[in-house]
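Engineer: Can you read through this structure? Questions will come right after.
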Amino acid sequence: MSQLKYCQGPKCHTYDTKDRKRGPKDNKRNETRRRSNFSYLNGNACSMTCQADWFDVYGSRALQHFGYLTQPRVLTKDNAWVNRRNWSHNTNTSDTFYAYNYLTEERRPITEQQYNDDTNLDGQGQLTI
Ligand SMILES: [Zn+2]
């Protein structure tokens, strides 16, 4: 059985739903949701509302911690590569795979394996081959 974890939404316990209720009749309370997995905040919040609550409280602190952009990030022809597939409707020809440059519109053939695993790209849009 997987480990249960708490929703990280700072106001989760304030939303009045049946599944948050705990305790005997004379001492009722609402608690933060606890599950094995959540669908928001990378698996750490039970709802979009709790995710937004987390961001309202911690978002700017996270930016301070990890650092603000102080100059624009730039897309140039050197980091404008993505892998694409040409879906052929002709059953006599095989699908072709290629790296495509957004800025120059250049196409370079790649293998199906490279298309599937992106080993020809560095994760930042630059070719490694
Ligand atoms: Zn929650």
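Letters for chains follow the order of the structure tokens (A, B, ...), residue numbers begin at 1 for each chain, and ligand numbers begin at 1 in the order shown.
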Around ligand 1, out to 10 Å and counting only C-alpha atoms and all ligand atoms, which residues are there? I want them as a ChimeraX atom specification.
Structural biologist: /A:6-15,20,31-35,38,40,44-51,53-54
Engineer: Please report, as a count of residues only, each residue of range 11-105 of chain A to which DSSP assigns strand (DSSP E) when run on this structure's backbone.
Structural biologist: 18
Engineer: Which residues, written as a list in words, have at least one atom at most 9 Å from range 127-129 of chain A, with only C-alpha atoms counted and residues fewer than 5 positions away on the same chain left out?
Structural biologist: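 Result of the neighbour search: Asp78, Asn79, Ala80, Trp81, Val82, Ala99, Thr119, Asn120, Leu121 and Asp122 of chain A.
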Engineer: Determine which residues of chain A DSSP labels as helix (DSSP H, G or I) from the backbone of this structure, then write them out as a PyMOL selection string.
Structural biologist: chain A and resi 12-14+18-20+25-27+48-66+77-79+112-117
Engineer: Could you save those same residues with C-alpha atoms as a CSV table (one decimal), in the first residue's frame?
Structural biologist:
```csv
chain,number,residue,atom,x,y,z
A,12,CYS,CA,-7.7,22.7,2.4
A,13,HIS,CA,-9.3,22.1,5.9
A,14,THR,CA,-11.5,25.2,5.5
A,18,LYS,CA,-18.1,15.3,4.0
A,19,ASP,CA,-14.8,13.6,3.3
A,20,ARG,CA,-12.9,16.2,5.4
A,25,LYS,CA,-20.5,14.2,17.1
A,26,ASP,CA,-19.6,16.4,20.1
A,27,ASN,CA,-16.1,17.2,18.7
A,48,MET,CA,-7.3,23.4,-8.4
A,49,THR,CA,-8.5,25.5,-5.5
A,50,CYS,CA,-6.0,24.1,-3.1
A,51,GLN,CA,-3.3,24.5,-5.8
A,52,ALA,CA,-4.2,28.2,-6.3
A,53,ASP,CA,-4.3,28.7,-2.5
A,54,TRP,CA,-0.8,27.2,-2.3
A,55,PHE,CA,0.4,29.5,-5.1
A,56,ASP,CA,-1.2,32.6,-3.5
A,57,VAL,CA,0.8,31.9,-0.2
A,58,TYR,CA,4.0,30.4,-1.5
A,59,GLY,CA,4.4,31.4,-5.2
A,60,SER,CA,6.3,34.6,-4.8
A,61,ARG,CA,8.5,33.0,-2.1
A,62,ALA,CA,9.3,30.2,-4.6
A,63,LEU,CA,10.3,32.8,-7.1
A,64,GLN,CA,12.5,34.5,-4.5
A,65,HIS,CA,14.1,31.2,-3.7
A,66,PHE,CA,14.8,30.0,-7.2
A,77,LYS,CA,18.2,29.5,-34.6
A,78,ASP,CA,20.6,27.5,-32.3
A,79,ASN,CA,17.9,26.5,-29.8
A,112,GLU,CA,12.4,7.0,-35.5
A,113,GLN,CA,14.4,6.1,-32.4
A,114,GLN,CA,15.6,9.7,-32.1
A,115,TYR,CA,12.1,10.9,-32.6
A,116,ASN,CA,10.8,8.7,-29.8
A,117,ASP,CA,13.6,9.4,-27.2
```
Engineer: Would you please work out which residue, of A:Lys21, A:Arg73, A:Lys28, A:Arg84, is nearest to Tyr98 in chain A when using only C-alpha atoms?
Structural biologist: A:Arg84
